[in-house]
Each structure stands twice: as C-alpha cells, then as structure tokens.
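Worksheet for the structure shown next.
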Amino acid sequence: MKKIVRVGNVECGADKLFLIAGPCVVEDEKTMMDTAEFLVELSQKLDLPLIFKSSFQKDNRSSADFYSGPGIEKGLAILQKIKKQFKVPILTDIHYPDQIKAAAAVVDVIQIPAYLVMQTTLVVEAAKTGKVINLKHGQFLAPENMIKPVRKVEQAGNTNILVTERGYTFGYNDLIVDPRSFYHLRTTGYPVVFDVTHSIRKYGIPSSDPAGGSREFIPTLARAGVAAGIDGLFIEVHPDPTRALCDAASQKTGDH
C-alpha cells in the first residue's frame with residue numbers, strides 16, 4: 001500500500017495531484033515573491049495543492065562561471081519570507097551535511113539532488129531531521145535501484161519520503177524518461193513525483209542557450225506522467241523564463 005506523506009497541508013500520495021514548483025535557484029526577492037504569488041493564485045484556481053521549491057545553492061552547475069544562488073543565509077531568508085507570507089510549504093536542495101540543520105529549520109522538504117542520491121552520509125543525516133526527504137532519481141541509476149537510497153532513509157528512522165523521476169543518462173548529453181521508471185518508483189511504496197522540466201535538459205549546452213533544453217516536449221511528457229499515475233508534478237517556473245539565472249532553457253514559455 002502506498003504511503004501518504006503530509007507536507008504542511010498537502011497530502012502527497014492522496015487522490016489529488018499535487019504540484020512542486022518555483023524558480024530553479026533563488027534569485028532576487030521581487031522575482032521570488034512575484035513567482036510565489038502567481039503560483040499560490042494558480043494553485044487556488046486549479047485546486048492543485050502547492051509546494052514551493054527553489055534552491056539557495058546549485059552546486060552542480062556545468063561551469064563555475066554560472067549563477068549558483070545567493071547562498072544559504074540569504075536564500076533561506078527569502079524562502080522563510082515566502083513561507084510566512086503565503087502560508088505554503090517549502091522545498092529546497094542541500095549538497096553538504098553542514099547545510100542540513102539550517103535548511104531543516106526553515107523548509108518542509110529536504111531534497112537530495114540526483115547527482116548525490118547515493119551519498120550515504122548526506123542522505124542519512126538529512127533523514128535524521130525527520131523532515132520529508134525528496135530523493136531525486138540519479139541519472140546513473142536504473143530506476144529499480146532507487147530502493148537503495150529509500151532504504152537508507154528508512155534505516156535512519158524516517159518514512160517521510162518522496163521519490164522523483166527526472167530522466168536517465170550518464171555520459172550522454174540527453175535525458176530519457178522511461179515510463180517504466182514510474183512503475184519501479186511506485187514499488188518503493190512512496191509517492192512518485194515527475195520532474196518534467198529537468199528531464200528535457202540538454203547537458204553540455206549552457207541552460208541560457210535555447211538549444212539547452214527541448215521545452216516543446218514539456219506538455220507531452222507531463223501528460224504521459226499523469227496518465228502513468230504519478231502523484232505529483234515538479235515544474236520549474238519563472239516570470240520570464242528566457243531571463244532565468246538557472247535552467248532558462250528548461251522552462252516553458254508561452255510559445256510552447
């Protein structure tokens with residue numbers, strides 16, 4: 001039986017689809033507040049429960065010259081303001097064990113990035129907080145092997161887990177979403193999320209370059225995921241995707 005994981009007022013794994021959305025990386029306060037306001041209004045209009053997401057740091061950018069976020073102190077302060085003003089649960093990434101305590105004091109969901117999902121110390125220390133842990137499917141793991149990081153979280157005494165599909169590749173510059181992965185992730189017993197916007201990234205091409213993502217596939221893949229029975233949809237959102245400081249090419253515009 002699938003576990004229902006509560007994130008604030010959102011019941012992940014219940015009959016109603018939920019949404020995880022927000023800018024890839026925390027930008028200036030106005031951009032963040034405007035995005036949160038838009039998403040909260042959309043959530044209410046569509047009766048689609050919302051978890052707001054953004055990263056105070058993205059330490060896996062393909063170049064040290066690319067924007068990686070404002071850092072933990074400033075980033076968490078902005079996320080805290082969004083949480084307080086809009087009464088919405090918050091999700092953010094962590095990359096190092098020493099970030100966990102500060103993040104757990106603010107956010108409702110601690111996300112383990114796909115590249116780091118097999119890092120035992122990181123996963124276990126995050127799990128010990130008791131917070132909901134979102135495990136992103138590593139690009140290098142067969143989907144059925146996602147049970148391994150799930151077990152690490154469970155062994156730390158935490159069963160508040162989400163598992164997120166975001167495509168499979170290792171060493172190639174394209175991501176492939178195999179619908180069979182939704183089945184394999186479902187066998188973990190936890191709610192399944194589909195990160196549709198990260199799944200259309202083209203690695204090796206800067207995300208600011210329009211060729212850095214096949215955004216025309218976003219609607220098709222999102223519908224396929226919902227039809228396959230996912231519980232939640234993960235979408236990167238920005239007021240002007242072409243000007244986003246991270247993963248601009250991965251976000252849907254009005255032209256697609």
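Order determines the names: the first chain of the structure tokens is A, the second B, and so forth; residues in each chain are numbered 1 upward, and ligands are numbered 1 upward as they are shown.
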**Request:** Would you return as a ChimeraX atom specification the members of stretch 172-234 of chain A that DSSP assigns to helix (DSSP H, G or I) on this structure's backbone?
**Result:** /A:180-186,198-200,210-212,215-227
Report as CSV the residues of stretch 216-235 of chain A within 12 Å of stretch 1-9 of chain A, each with its shortest atom pair and distance in Å (one decimal), using only C-alpha atoms, ordered by chain and increasing residue number.
residue,atom,partner,partner_atom,distance
A:Ile230,CA,A:Lys2,CA,11.8
A:Asp231,CA,A:Ile4,CA,10.0
A:Gly232,CA,A:Val5,CA,11.7
**Prompt:** What's the 9 Å shell around A:Phe18, counting only C-alpha atoms, without same-chain residues fewer than 5 positions away, as JSON, numbers by chain?
**Reply:** {"A": [10, 11, 12, 13, 48, 49, 50, 51, 193, 231, 232, 233, 234]}
Hey, can you spit out that residue selection with C-alpha atoms as an mmCIF file, in the first residue's frame?
data_model
loop_
_atom_site.group_PDB
_atom_site.id
_atom_site.type_symbol
_atom_site.label_atom_id
_atom_site.label_comp_id
_atom_site.auth_asym_id
_atom_site.auth_seq_id
_atom_site.Cartn_x
_atom_site.Cartn_y
_atom_site.Cartn_z
ATOM 1 C CA VAL A 10 -0.503 18.871 1.182
ATOM 2 C CA GLU A 11 -1.259 15.145 1.252
ATOM 3 C CA CYS A 12 1.277 13.656 -1.145
ATOM 4 C CA GLY A 13 0.045 10.332 -2.453
ATOM 5 C CA LEU A 48 -3.935 21.935 -7.069
ATOM 6 C CA PRO A 49 -2.013 21.712 -3.768
ATOM 7 C CA LEU A 50 1.332 23.523 -3.982
ATOM 8 C CA ILE A 51 4.804 23.002 -2.522
ATOM 9 C CA VAL A 193 6.881 12.829 -8.468
ATOM 10 C CA ASP A 231 1.271 11.654 -7.567
ATOM 11 C CA GLY A 232 2.973 14.993 -8.096
ATOM 12 C CA LEU A 233 4.351 17.146 -10.883
ATOM 13 C CA PHE A 234 7.597 19.105 -10.464
#
**Prompt:** So, counting only C-alpha atoms, which residue among A:Val123, A:Ala14, A:Leu19, A:Ala249 is closest to A:Ile90?
**Reply:** A:Leu19
**Message:** Env of A:Gln111: 6 Å cut, atoms = only C-alpha atoms, seq-sep filter 4 positions within chain, self excluded. Answer as a VMD selection string.
**Reply:** chain A and resid 92 to 93 133 to 134
Keeping N, CA and C atoms, export the residues of the selection given above as a short mmCIF file (atom, residue, chain, number, x, y, z; two decimals), in the first residue's frame.
data_model
loop_
_atom_site.label_atom_id
_atom_site.label_comp_id
_atom_site.auth_asym_id
_atom_site.auth_seq_id
_atom_site.Cartn_x
_atom_site.Cartn_y
_atom_site.Cartn_z
N THR A 92 13.70 22.68 -0.66
CA THR A 92 14.99 23.13 -1.18
C THR A 92 15.99 22.00 -1.17
N ASP A 93 17.03 22.14 -2.00
CA ASP A 93 18.13 21.18 -2.05
C ASP A 93 19.12 21.42 -0.92
N ILE A 133 11.82 13.84 2.98
CA ILE A 133 13.01 13.78 2.13
C ILE A 133 12.58 13.45 0.70
N ASN A 134 12.93 14.33 -0.24
CA ASN A 134 12.66 14.07 -1.64
C ASN A 134 13.93 13.55 -2.30
#
**Request:** Extract, using only C-alpha atoms, all DNA, RNA and protein residues at most 10 Å from A:Phe194, discarding same-chain residues fewer than 5 positions from it, and format them as a PyMOL selection string.
**Result:** chain A and resi 19-20+136-137+163-167+177+182+199+221-222+225-226+230-235
Given the selection you just returned, output its residues as a file containing C-alpha atoms, formatted as a PDB file, in the first residue's frame.
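Result written to again-v9.pdb:
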ATOM      1  CA  LEU A  19       2.463  20.489  -7.644  1.00  0.00           C
ATOM      2  CA  ILE A  20       6.072  21.264  -6.718  1.00  0.00           C
ATOM      3  CA  LYS A 136      15.688  12.519  -6.955  1.00  0.00           C
ATOM      4  CA  HIS A 137      16.398   9.613  -9.276  1.00  0.00           C
ATOM      5  CA  VAL A 163      10.809   9.783  -4.956  1.00  0.00           C
ATOM      6  CA  THR A 164      11.231  11.896  -8.077  1.00  0.00           C
ATOM      7  CA  GLU A 165      11.869  10.844 -11.659  1.00  0.00           C
ATOM      8  CA  ARG A 166      13.948  13.245 -13.767  1.00  0.00           C
ATOM      9  CA  GLY A 167      15.319  11.167 -16.621  1.00  0.00           C
ATOM     10  CA  VAL A 177      12.294   9.360 -19.415  1.00  0.00           C
ATOM     11  CA  PHE A 182       7.181   5.291 -12.745  1.00  0.00           C
ATOM     12  CA  SER A 199      14.030  15.912 -17.777  1.00  0.00           C
ATOM     13  CA  LEU A 221       5.817  14.360 -21.032  1.00  0.00           C
ATOM     14  CA  ALA A 222       3.725  15.919 -18.273  1.00  0.00           C
ATOM     15  CA  GLY A 225       3.447  11.107 -16.406  1.00  0.00           C
ATOM     16  CA  VAL A 226      -0.018  11.944 -15.103  1.00  0.00           C
ATOM     17  CA  ILE A 230       2.325   9.922 -10.777  1.00  0.00           C
ATOM     18  CA  ASP A 231       1.271  11.654  -7.567  1.00  0.00           C
ATOM     19  CA  GLY A 232       2.973  14.993  -8.096  1.00  0.00           C
ATOM     20  CA  LEU A 233       4.351  17.146 -10.883  1.00  0.00           C
ATOM     21  CA  PHE A 234       7.597  19.105 -10.464  1.00  0.00           C
ATOM     22  CA  ILE A 235       7.895  22.189 -12.714  1.00  0.00           C
TER      23      ILE A 235
END
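With atom CA of A:Arg180 on one side and atom CA of A:Thr197 on the other, the separation reads 18.6 Å.
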**Prompt:** Out of stretch 9-210 of chain A, which residues get strand (DSSP E or B) from DSSP, as an MDAnalysis selection string?
**Reply:** chainID A and resid 10:12 18:22 25 50:53 55 90:93 109:112 132:136 161:165 168 176 192:195 201
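For the residues A:Thr120, A:Asn173, A:Ser54, A:Thr159, ranking by smallest atom-to-atom distance to A:Pro89 using only C-alpha atoms places A:Ser54 first.
Shell of A:Glu73 at 10 Å, with only C-alpha atoms counted and residues fewer than 2 places along the chain excluded, is A:Phe56, A:Pro70, A:Gly71, A:Gly75, A:Leu76, A:Ala77, A:Ile78, A:Ala102, A:Ala103.
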